[in-house]
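Here's the structure, in structure tokens; my notes come after.
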Amino acid sequence: MTTITLEDKERRRAWGFVAPALLWTLAFFVVPFLYMAALSLWSRQGRDIVHVWNFDNYLRFFSENALLRGLTNSLEITLTVTILSVLLAYPLAWIIAERVPKRLQRMALILAILPFWTSYVVRSYSWLLVLSKGGVINQALMGIGLITEPLEIASNRTATVIGFVHFFVMLLTLTIYSNLVQLSPNYRRAAADLGANAFQTFWHVILPLTLPGIMTGAFLTFVLCIGDYITPQILGGNNELVLPQIIMLQIGRRADFPMAAALSIILMLAVTAAYVLCARWLRIERA
Amino acid sequence: MSTSIASGAARRFFTSVATIALTAITAGQANATEELNALVWCDHTDPALIEPFEKANDVKVNLKEYEGTGAGISILEQSQPGDWDVMVIDAVDVHRLIDMDVLGEMPASALPNADLFPELVMEANNGKDGKTYAVTEKFGYNTISYDKTKVDPKDMEDLSVIWSDKYKGRIALYDYYLPMIGLVQLGLGKKTADLSDADMPAIEEKLSAMKAASKQVSDVVSSQTALATGEVDILVGGGEWITASLAKDKPNLDWTVPKQGAVRWAQSISVMKESKNPELALKFVQYILSPEGQARLATSSCYWGMPTNQKAGDHLDAEQKKALRWDDQAGYLKNTQLYPIPTAELDKKMQDAWTNMMQQ
């Protein structure tokens, strides 16, 4: 006769709770991912997908400059956006957490995230109108006599970066703010007691303690930015393609799903690499 | 055999607005006795076009919008036979569907071929072995759109302006490789129908010069925005479908067919072979081709284009006709050529050339 121990019951109960999430992940991530990985090893010939496994799609990616440039463009833009967003978001989060009265902080946060309430596409086109030759910025600069010819700030990488930074500064502000407000004021008092000035306190105490918030926000920014093709499409003027745009070209124009799958795997590897670096750095910092 | 993997034009680039419109269309017809499933481009999602048919026939038309022939074929491959009753596709890609054996034959006698512009009947594109599988429903030109207050309209009569330095940084290139490469071919003094591998080096050289002279490469919305805001003064590859809907607010925008000619786009409509209701599907095709349907389709909120039925003119007002250049069509039809129809291999080379140009 089998004896069911209390431990077995607990284990079964735990599996009962975990199983739905596991099944969900299996059905909507693992299986599609494995299919995509397999698809990336097949190839499109004419109208048919040939089910012969090879690395042709990956070899093509590394041998064609236009495709490889998609990845380098993506990485350059994403890193620029992430760094700029952190540099802008940190002071903003700090001002909200430290300088805005407690009763007004909620309102300040709502104002900070207000741009999220607008459609992403509409916001990108709005930026196009702001940055164009006849847009608000050029008109204002020409109006006050700072420039005589409109600046070329639309339909290029600058416009793409501006559009992205506007979006992601808000995201980073939230993650850094939530980290800042959790810090005990005792850290500052202790640093001051030990003779640290305001800058030393920030550099040696506050900044390291808010690194988890910065890294979490930076990673989210990286993932969302590198996977986006709408902003580069609208604001970049298609003057340089990023990887997601090239994936869209394979699907929409060529119906070359194997190549699109291979490019998606490469995109996922870039995101995974960013995660590993992020996680590793946080571990080192904690150690 | 037509094996081009042509994408749908970015004129069919849509935002969620169209989806909302689709929901609105279908929601209002919840009690209809019959249903028709149509795979279409965005111009067909205009309630002004669909509702009269639904009311007249007590039918609910379920519209699924797609962008690009590749995407359309993928939808078909993932569907069950009978899922779709009607499909709209690039006229030059009809043979791809014929080869897939998904199109039903339409009796020529049921179609108003005699009323269509003769150049748009396109028997070779829309049929095979004497059988008709599709009919051209709308057309227009990929040519040169411009702001006539900022450029010399005479310069726009010569296609070589697209790779000259005179308007450097003031040109937008329409992001669709097929008509654009067709335009370059015309600019080189050759026919689009003759385009072959041998032409590609010269075409790539001109594409490179075009990119160097341009400000951006863009879809329909961005192109319109750029022209309307003055970001660029010229759009290469644009035509009436870019400027017509802006005619009221932006009378400074114009378009022309240069002396070397322009590329003619055309879209066809078909009844699916496995349609569950082929009679109703044919009725829908007949409605779209009727003078009233054609006028509504031509002036659809998504994008404008010329109706193929010459009688549609009776249902367009003077302003609409002016925007569409109704009276100039005879000359334009004579001086324009269809998209190139490349083999699969050449098509890939063309797409690679276009991608390389964008990454330049």
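Starting from 1 in every chain, residues are counted up; chains themselves are A, B, ... following the order of the structure tokens, and ligands are numbered from 1 as listed.
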Check: which chain A residues lie within 7 Å of chain B using only C-alpha atoms, as a list of chain:residue names: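 That gives A:Gly46, A:Ala66, A:Ser132, A:Lys133, A:Gly134, A:Ser155, A:Ile234, A:Gly237, A:Asn238, A:Asn239, A:Glu240, A:Leu241, A:Ile251, A:Gly252, A:Arg253, A:Arg254, A:Ala255 for chain A.
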Members of region 64-292 of chain B assigned strand (DSSP E) by DSSP, as number ranges by chain: B: 64-65, 86-90, 127-128, 131-132, 135-147, 171-174, 214-218, 234-238, 253-256, 262-271
Straight-line distance linking CA of His166 (chain A) with CA of Leu249 (chain A), stated in Å to one decimal: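 CA of Leu249 (chain A) lies at a distance of 26.6 Å from CA of His166 (chain A).
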Nearest residue to Thr143 (chain B) from the set B:Ala124, B:Ala91, B:Ala330, B:Val184 (distances using only C-alpha atoms): B:Val184
Contact residues around Asn277 (chain B) with only C-alpha atoms at 12 Å, ignoring same-chain residues under 4 positions, as a list in words: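 Selected residues are Glu34, Glu35, Leu36, Asn37, Ala38, Val59, Gly82, Asp83, Trp84, Asp85, Val86, Gly104, Val271, Met272, Lys273, Ala281, Leu282, Lys283 and Phe284 of chain B.
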Shell of 10 Å around Val161 (chain A), only C-alpha atoms, local chain residues under 6 positions omitted, as a list in words: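 Everything that qualifies: Ile77, Thr78, Thr80, Val81, Thr82, Leu84, Ser85, Phe167, Cys225, Thr231, Pro232, Leu235 and Gly236 of chain A.
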Residues near Ala295 (chain B), cut-off 10 Å, only C-alpha atoms, skip fewer than 2 positions along chain, as number ranges by chain: B: 49, 138, 288-293, 297-300, 304-317, 320
Interatomic distance (Å, one decimal) between CA of Thr5 (chain A) and CA of Leu23 (chain A):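 The value is 26.3 Å.
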Polymer residues at most 8 Å from Thr256 (chain B), only C-alpha atoms, same-chain spacing of 3 or more positions, as a ChimeraX atom specification: /B:143-145,156-157,239
Create the file for the chosen residues now, containing N, CA, C and O atoms and written as an mmCIF file, in the first residue's frame.
data_model
loop_
_atom_site.group_PDB
_atom_site.id
_atom_site.type_symbol
_atom_site.label_atom_id
_atom_site.label_comp_id
_atom_site.auth_asym_id
_atom_site.auth_seq_id
_atom_site.Cartn_x
_atom_site.Cartn_y
_atom_site.Cartn_z
ATOM 1 N N THR B 143 4.179 57.788 -60.178
ATOM 2 C CA THR B 143 4.836 58.770 -61.024
ATOM 3 C C THR B 143 5.497 59.835 -60.147
ATOM 4 O O THR B 143 6.106 59.489 -59.139
ATOM 5 N N ILE B 144 5.377 61.099 -60.497
ATOM 6 C CA ILE B 144 6.031 62.136 -59.691
ATOM 7 C C ILE B 144 4.984 63.100 -59.138
ATOM 8 O O ILE B 144 4.221 63.704 -59.891
ATOM 9 N N SER B 145 4.944 63.202 -57.825
ATOM 10 C CA SER B 145 4.089 64.198 -57.160
ATOM 11 C C SER B 145 5.000 65.315 -56.675
ATOM 12 O O SER B 145 6.147 65.054 -56.295
ATOM 13 N N MET B 156 9.756 68.481 -63.742
ATOM 14 C CA MET B 156 9.074 67.237 -63.372
ATOM 15 C C MET B 156 8.654 66.425 -64.599
ATOM 16 O O MET B 156 8.192 65.303 -64.476
ATOM 17 N N GLU B 157 8.808 67.007 -65.759
ATOM 18 C CA GLU B 157 8.437 66.295 -66.989
ATOM 19 C C GLU B 157 9.546 65.357 -67.456
ATOM 20 O O GLU B 157 9.374 64.642 -68.430
ATOM 21 N N GLY B 239 1.459 59.648 -56.832
ATOM 22 C CA GLY B 239 0.575 60.027 -57.940
ATOM 23 C C GLY B 239 -0.724 60.535 -57.376
ATOM 24 O O GLY B 239 -0.752 61.117 -56.285
#
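You will find CA of Trp41 (chain B) at 21.2 Å from CA of Gln245 (chain A).
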